[in-house]
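Student: Input structure: run-v5.txt, which contains compact mmCIF, C-alpha atoms.
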# COMPACT_ATOMS: atom_id res chain seq x y z
CA MET A 1 0.00 0.00 0.00
CA ASN A 2 1.83 3.04 -1.28
CA SER A 3 -1.06 5.48 -1.33
CA PHE A 4 -0.24 8.95 -0.10
CA GLU A 5 -2.18 12.17 0.28
CA ILE A 6 -1.10 15.71 -0.64
CA ARG A 7 -2.75 18.39 1.51
CA PRO A 8 -2.10 22.01 2.63
CA GLY A 9 0.20 22.27 5.64
CA THR A 10 -1.12 23.79 8.87
CA THR A 11 0.45 25.10 12.07
CA ALA A 12 0.27 21.59 13.52
CA ASP A 13 2.65 20.43 10.76
CA ILE A 14 5.43 22.92 11.62
CA PRO A 15 7.57 20.39 13.58
CA ALA A 16 7.49 17.95 10.64
CA LEU A 17 8.18 20.84 8.24
CA LEU A 18 11.31 21.85 10.18
CA ARG A 19 12.48 18.23 10.30
CA LEU A 20 12.27 17.96 6.49
CA ILE A 21 13.82 21.44 5.95
CA LYS A 22 16.80 20.19 7.97
CA ALA A 23 16.94 16.91 6.06
CA LEU A 24 17.03 18.82 2.77
CA ALA A 25 19.80 21.12 4.07
CA GLU A 26 21.75 17.99 5.01
CA PHE A 27 21.36 16.68 1.46
CA GLU A 28 22.53 20.08 0.16
CA LYS A 29 25.62 19.74 2.39
CA ALA A 30 24.72 22.77 4.49
CA PRO A 31 22.92 21.63 7.68
CA HIS A 32 24.85 24.23 9.76
CA LEU A 33 23.21 27.04 7.75
CA VAL A 34 19.68 26.37 9.07
CA GLU A 35 19.06 29.19 11.57
CA ASN A 36 15.30 28.72 11.45
CA ASN A 37 13.38 27.06 14.29
CA GLU A 38 9.80 26.10 15.16
CA ALA A 39 8.94 29.42 16.81
CA MET A 40 10.24 31.48 13.84
CA LEU A 41 8.48 29.23 11.32
CA ARG A 42 5.23 29.47 13.29
CA GLU A 43 5.36 33.27 13.47
CA ASP A 44 6.37 33.65 9.81
CA PHE A 45 3.55 31.30 8.75
CA GLU A 46 0.77 32.60 11.01
CA THR A 47 1.55 36.29 11.51
CA HIS A 48 3.60 37.34 8.49
CA ARG A 49 2.07 34.82 6.07
CA SER A 50 5.50 34.60 4.46
CA PHE A 51 4.88 31.23 2.85
CA GLU A 52 2.46 28.37 2.30
CA PHE A 53 3.30 24.69 2.20
CA LEU A 54 1.96 21.33 1.12
CA VAL A 55 2.62 18.07 2.89
CA ALA A 56 2.64 14.50 1.60
CA GLU A 57 1.18 12.13 4.16
CA LEU A 58 1.73 8.36 4.07
CA LYS A 59 0.27 6.09 6.76
CA GLY A 60 -0.23 9.06 9.08
CA GLU A 61 3.37 10.29 8.69
CA ILE A 62 4.56 13.38 6.84
CA VAL A 63 7.16 12.16 4.35
CA GLY A 64 7.44 15.09 1.94
CA ILE A 65 6.93 18.85 1.69
CA SER A 66 6.83 21.72 -0.76
CA LEU A 67 7.12 25.30 0.52
CA TYR A 68 6.29 28.26 -1.74
CA TYR A 69 5.27 31.93 -1.93
CA PRO A 70 4.51 34.62 -4.53
CA ARG A 71 7.33 36.32 -6.40
CA TYR A 72 7.31 38.92 -9.17
CA SER A 73 8.88 38.86 -12.60
CA THR A 74 9.27 42.27 -14.23
CA TRP A 75 9.09 40.40 -17.55
CA GLN A 76 6.12 38.08 -16.93
CA GLY A 77 4.30 39.54 -13.93
CA ARG A 78 3.00 37.46 -11.04
CA CYS A 79 4.84 34.18 -10.45
CA TYR A 80 5.31 31.72 -7.59
CA TYR A 81 8.56 30.54 -6.12
CA LEU A 82 9.06 26.97 -4.89
CA GLU A 83 11.64 27.32 -2.13
CA ASP A 84 11.86 23.72 -0.90
CA LEU A 85 10.71 20.41 -2.38
CA TYR A 86 11.71 17.34 -0.42
CA VAL A 87 10.73 13.70 -0.05
CA GLU A 88 12.33 11.37 2.49
CA PRO A 89 14.90 9.12 0.73
CA GLU A 90 13.14 5.89 1.77
CA GLN A 91 9.83 7.11 0.27
CA ARG A 92 11.16 8.00 -3.18
CA GLY A 93 10.09 6.24 -6.36
CA LYS A 94 6.40 6.40 -5.43
CA GLY A 95 5.62 9.60 -7.34
CA ILE A 96 5.43 11.75 -4.21
CA GLY A 97 7.89 14.41 -5.45
CA LEU A 98 6.11 14.63 -8.78
CA ALA A 99 2.72 14.93 -7.03
CA LEU A 100 4.08 17.70 -4.76
CA LEU A 101 5.56 19.59 -7.73
CA ARG A 102 2.35 19.33 -9.75
CA ALA A 103 0.16 20.29 -6.76
CA THR A 104 2.39 23.33 -6.13
CA ALA A 105 2.13 24.37 -9.79
CA ALA A 106 -1.66 23.97 -9.55
CA GLU A 107 -1.81 26.16 -6.41
CA ALA A 108 0.35 28.80 -8.15
CA LYS A 109 -1.86 28.78 -11.23
CA LYS A 110 -5.02 29.03 -9.09
CA ALA A 111 -3.51 32.11 -7.41
CA GLY A 112 -3.00 33.79 -10.80
CA ALA A 113 0.71 33.09 -11.28
CA ASN A 114 2.12 32.90 -14.81
CA ARG A 115 5.15 30.81 -13.93
CA LEU A 116 6.58 28.63 -11.16
CA ASP A 117 10.28 29.18 -10.43
CA TRP A 118 12.76 27.27 -8.28
CA GLN A 119 16.45 26.38 -8.18
CA VAL A 120 18.50 23.22 -8.45
CA LEU A 121 22.13 22.52 -7.51
CA ASP A 122 24.34 22.12 -10.60
CA TRP A 123 25.58 18.68 -9.43
CA ASN A 124 22.07 17.30 -8.87
CA THR A 125 21.75 15.65 -12.28
CA LEU A 126 18.81 13.43 -11.32
CA ALA A 127 16.77 16.45 -10.21
CA VAL A 128 17.67 18.44 -13.35
CA GLU A 129 16.45 15.55 -15.54
CA PHE A 130 13.29 15.18 -13.46
CA TYR A 131 12.47 18.90 -13.79
CA GLU A 132 13.25 19.05 -17.50
CA GLY A 133 11.05 15.99 -17.97
CA GLU A 134 8.21 17.99 -16.39
CA GLY A 135 8.73 20.78 -18.95
CA ALA A 136 10.83 23.16 -16.86
CA TYR A 137 13.45 25.33 -18.54
CA VAL A 138 16.81 25.26 -16.70
CA GLU A 139 18.94 28.43 -16.90
CA LYS A 140 22.64 28.14 -16.15
CA GLU A 141 23.92 31.70 -16.49
CA TRP A 142 22.71 33.41 -13.32
CA TRP A 143 24.53 33.55 -9.99
CA ASN A 144 22.83 34.19 -6.65
CA CYS A 145 23.90 37.20 -4.58
CA LYS A 146 23.16 37.36 -0.84
CA LEU A 147 23.68 40.32 1.46
CA GLU A 148 23.19 39.76 5.20
CA LEU A 149 21.23 42.62 6.79
CA MET B 1 25.15 69.40 -10.50
CA ASN B 2 24.92 65.66 -10.04
CA SER B 3 22.58 65.59 -7.07
CA PHE B 4 19.87 62.95 -7.25
CA GLU B 5 17.08 61.84 -4.96
CA ILE B 6 16.00 58.29 -4.06
CA ARG B 7 12.30 58.00 -3.21
CA PRO B 8 9.55 55.32 -3.15
CA GLY B 9 7.91 54.76 -6.52
CA THR B 10 4.19 55.50 -6.94
CA THR B 11 1.56 54.66 -9.54
CA ALA B 12 2.50 57.83 -11.42
CA ASP B 13 5.99 56.38 -11.96
CA ILE B 14 4.77 53.18 -13.69
CA PRO B 15 5.50 54.42 -17.26
CA ALA B 16 9.10 55.29 -16.28
CA LEU B 17 9.38 51.97 -14.43
CA LEU B 18 8.37 50.03 -17.55
CA ARG B 19 10.80 52.05 -19.69
CA LEU B 20 13.69 51.09 -17.40
CA ILE B 21 12.54 47.44 -17.07
CA LYS B 22 12.72 47.28 -20.87
CA ALA B 23 16.14 48.98 -20.96
CA LEU B 24 17.48 46.42 -18.45
CA ALA B 25 16.05 43.53 -20.50
CA GLU B 26 17.83 45.00 -23.54
CA PHE B 27 21.12 44.99 -21.60
CA GLU B 28 20.43 41.38 -20.59
CA LYS B 29 19.99 40.54 -24.29
CA ALA B 30 16.33 39.55 -23.84
CA PRO B 31 14.08 42.49 -24.75
CA HIS B 32 11.64 40.12 -26.53
CA LEU B 33 10.92 38.36 -23.21
CA VAL B 34 9.20 41.37 -21.61
CA GLU B 35 5.50 40.49 -21.66
CA ASN B 36 4.65 43.02 -18.96
CA ASN B 37 2.90 46.30 -19.75
CA GLU B 38 1.68 49.42 -17.94
CA ALA B 39 -1.79 48.03 -17.16
CA MET B 40 -0.39 44.78 -15.71
CA LEU B 41 2.24 46.62 -13.68
CA ARG B 42 -0.38 49.01 -12.33
CA GLU B 43 -2.73 46.20 -11.28
CA ASP B 44 0.07 44.13 -9.76
CA PHE B 45 1.35 47.17 -7.83
CA GLU B 46 -1.98 48.60 -6.67
CA THR B 47 -4.28 45.59 -6.33
CA HIS B 48 -2.01 42.61 -5.71
CA ARG B 49 0.78 44.56 -3.99
CA SER B 50 3.20 42.17 -5.67
CA PHE B 51 6.19 44.50 -5.39
CA GLU B 52 7.50 47.85 -4.21
CA PHE B 53 10.02 50.03 -6.00
CA LEU B 54 12.37 52.93 -5.48
CA VAL B 55 13.20 55.53 -8.12
CA ALA B 56 16.27 57.71 -8.54
CA GLU B 57 15.30 61.17 -9.75
CA LEU B 58 17.77 63.59 -11.33
CA LYS B 59 16.65 67.01 -12.59
CA GLY B 60 13.01 65.89 -12.60
CA GLU B 61 13.75 62.73 -14.64
CA ILE B 62 13.67 59.13 -13.39
CA VAL B 63 17.07 57.69 -14.28
CA GLY B 64 17.20 54.57 -12.09
CA ILE B 65 15.01 52.00 -10.32
CA SER B 66 15.09 49.14 -7.87
CA LEU B 67 12.14 46.75 -7.63
CA TYR B 68 11.80 44.32 -4.72
CA TYR B 69 9.45 42.16 -2.64
CA PRO B 70 9.53 39.76 0.33
CA ARG B 71 10.80 36.23 -0.10
CA TYR B 72 11.33 33.41 2.39
CA SER B 73 14.41 31.39 3.21
CA THR B 74 13.73 28.10 5.01
CA TRP B 75 17.24 28.49 6.47
CA GLN B 76 17.19 32.16 7.54
CA GLY B 77 13.53 33.15 7.61
CA ARG B 78 12.19 36.39 6.19
CA CYS B 79 14.30 37.93 3.40
CA TYR B 80 13.78 40.41 0.58
CA TYR B 81 14.43 39.85 -3.10
CA LEU B 82 15.78 42.59 -5.37
CA GLU B 83 14.35 41.72 -8.77
CA ASP B 84 15.64 44.65 -10.85
CA LEU B 85 18.33 47.28 -10.22
CA TYR B 86 19.01 49.61 -13.13
CA VAL B 87 20.57 53.00 -13.83
CA GLU B 88 20.58 54.60 -17.27
CA PRO B 89 24.02 54.16 -18.87
CA GLU B 90 24.59 57.92 -19.27
CA GLN B 91 23.94 58.47 -15.54
CA ARG B 92 26.38 55.90 -14.20
CA GLY B 93 29.44 56.76 -12.13
CA LYS B 94 27.46 59.13 -9.90
CA GLY B 95 26.74 56.63 -7.13
CA ILE B 96 23.09 56.17 -8.12
CA GLY B 97 23.23 52.36 -8.32
CA LEU B 98 24.99 52.14 -4.98
CA ALA B 99 22.44 54.49 -3.40
CA LEU B 100 19.56 52.39 -4.81
CA LEU B 101 21.12 49.14 -3.55
CA ARG B 102 21.72 50.57 -0.08
CA ALA B 103 18.26 52.14 0.11
CA THR B 104 16.70 48.80 -0.90
CA ALA B 105 18.72 46.98 1.79
CA ALA B 106 17.56 49.59 4.31
CA GLU B 107 13.90 49.09 3.31
CA ALA B 108 14.31 45.32 3.61
CA LYS B 109 15.89 45.62 7.04
CA LYS B 110 13.17 48.00 8.20
CA ALA B 111 10.57 45.40 7.12
CA GLY B 112 12.25 42.74 9.29
CA ALA B 113 14.21 40.90 6.58
CA ASN B 114 17.39 39.05 7.55
CA ARG B 115 18.95 39.08 4.09
CA LEU B 116 18.64 40.76 0.69
CA ASP B 117 18.98 38.42 -2.30
CA TRP B 118 19.30 39.06 -6.01
CA GLN B 119 20.95 37.57 -9.12
CA VAL B 120 23.67 38.60 -11.52
CA LEU B 121 24.55 37.27 -14.98
CA ASP B 122 27.79 35.25 -14.94
CA TRP B 123 29.35 37.43 -17.69
CA ASN B 124 28.63 40.72 -15.86
CA THR B 125 32.02 40.99 -14.18
CA LEU B 126 31.67 44.66 -13.29
CA ALA B 127 28.42 44.01 -11.43
CA VAL B 128 29.86 40.98 -9.61
CA GLU B 129 32.79 43.10 -8.39
CA PHE B 130 30.46 45.93 -7.40
CA TYR B 131 28.24 43.57 -5.37
CA GLU B 132 31.14 41.78 -3.71
CA GLY B 133 32.58 45.17 -2.82
CA GLU B 134 29.34 45.90 -0.98
CA GLY B 135 29.75 42.70 1.05
CA ALA B 136 27.46 40.40 -0.93
CA TYR B 137 28.25 36.69 -1.19
CA VAL B 138 28.02 35.37 -4.76
CA GLU B 139 26.97 31.71 -5.17
CA LYS B 140 27.80 29.97 -8.43
CA GLU B 141 26.35 26.48 -8.01
CA TRP B 142 22.59 27.00 -8.40
CA TRP B 143 20.63 26.91 -11.64
CA ASN B 144 17.24 28.57 -12.15
CA CYS B 145 14.26 26.41 -13.15
CA LYS B 146 11.18 27.95 -14.74
CA LEU B 147 7.89 26.24 -15.49
CA GLU B 148 5.29 28.15 -17.50
CA LEU B 149 1.79 27.74 -16.04
What do you get writing this file as structure tokens?

Tutor:
Amino acid sequence: MNSFEIRPGTTADIPALLRLIKALAEFEKAPHLVENNEAMLREDFETHRSFEFLVAELKGEIVGISLYYPRYSTWQGRCYYLEDLYVEPEQRGKGIGLALLRATAAEAKKAGANRLDWQVLDWNTLAVEFYEGEGAYVEKEWWNCKLEL
Amino acid sequence: MNSFEIRPGTTADIPALLRLIKALAEFEKAPHLVENNEAMLREDFETHRSFEFLVAELKGEIVGISLYYPRYSTWQGRCYYLEDLYVEPEQRGKGIGLALLRATAAEAKKAGANRLDWQVLDWNTLAVEFYEGEGAYVEKEWWNCKLEL
């Protein structure tokens, strides 16, 4: 029985969300860079409405997440940004990541977005192929700049 | 007299904003990709509040812009994203770009953001040096993914 459910995340899911955010950071070789915590996530979700998220539930456990929010393209107008997409390694191969990506795109479209954007690490060949297979265009000529405030 | 003023953009500045968005797209070798127009920009600014912008005014003319909005980092929490920063070529060397960047960072900080993010094209060496000189960290290992909705 591999049936899973994709549903909107709620405040009650914040502990599971943080656990999977940390697991993804580990995969990205940067677990020490996660400064976020449950209290911050709760305030940013409830008070500032900084993001929304979907969870994938399997046998009562949360095994995957997507976290997203609106962004703006001066070229194409309103878009959505998919910040994190993650499925636990032992639950892969069941279509959960694909279902999360498609559900996120559907939420973005419903909200009036013209495009869904996200990023992938240049060494993550499997993910690049997966995204291109879904029709995404992968750009390789932009670098990210970050200024601490 | 090279004195300029940085101030928040208003609906009345939308035509100048679009002119400079198009000039930046031209510099980025992609003028044909600008699908935005004055009506869309006005609705996205006034109704959806998708972005805010600053303008640099010199002798009554708008010669530079920065356009930004909130984003969310699952690692660091609330951040701001600088989508466009542009100064007309004939007005460069007067510190207008630097003033726009710093004013945008100040707005982001005032709004509670922990970091200001943006992107630079890998061939734009002058811009990379300018940003690094301001203390920005430039990441070279992420690729952008875009899915049309």

Student: Which residue is closest to A:Gly93? Choose from A:Phe130, A:Trp118, A:Lys59, A:Cys145 and count all atoms listed in the file.

Tutor: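 Nearest candidate to A:Gly93 out of A:Phe130, A:Trp118, A:Lys59, A:Cys145: A:Phe130.
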
Student: Please determine the contact residues of chain A with respect to chain B at a cut-off of 8 Å, counting all atoms listed in the file, and supply them as a PyMOL selection string.

Tutor: chain A and resi 21+33-36+40-41+44+50-51+69-78+83-84+105+109+113-123+131+135-149

Student: Residues within 10 Å of A:Ile62, please, as a PyMOL selection string. Count all atoms listed in the file; anything in the same chain fewer than 5 positions from it doesn't count.

Tutor: chain A and resi 4-6+9+13+16-17+19-20+55-57+87-88

Student: Report, in Å with one decimal, the straight-line distance from atom CA of A:Gly64 to atom CA of A:Tyr86.

Tutor: 5.4 Å

Student: Mind pulling up the distance from atom CA of A:Leu58 to atom CA of A:Phe45?

Tutor: 23.5 Å
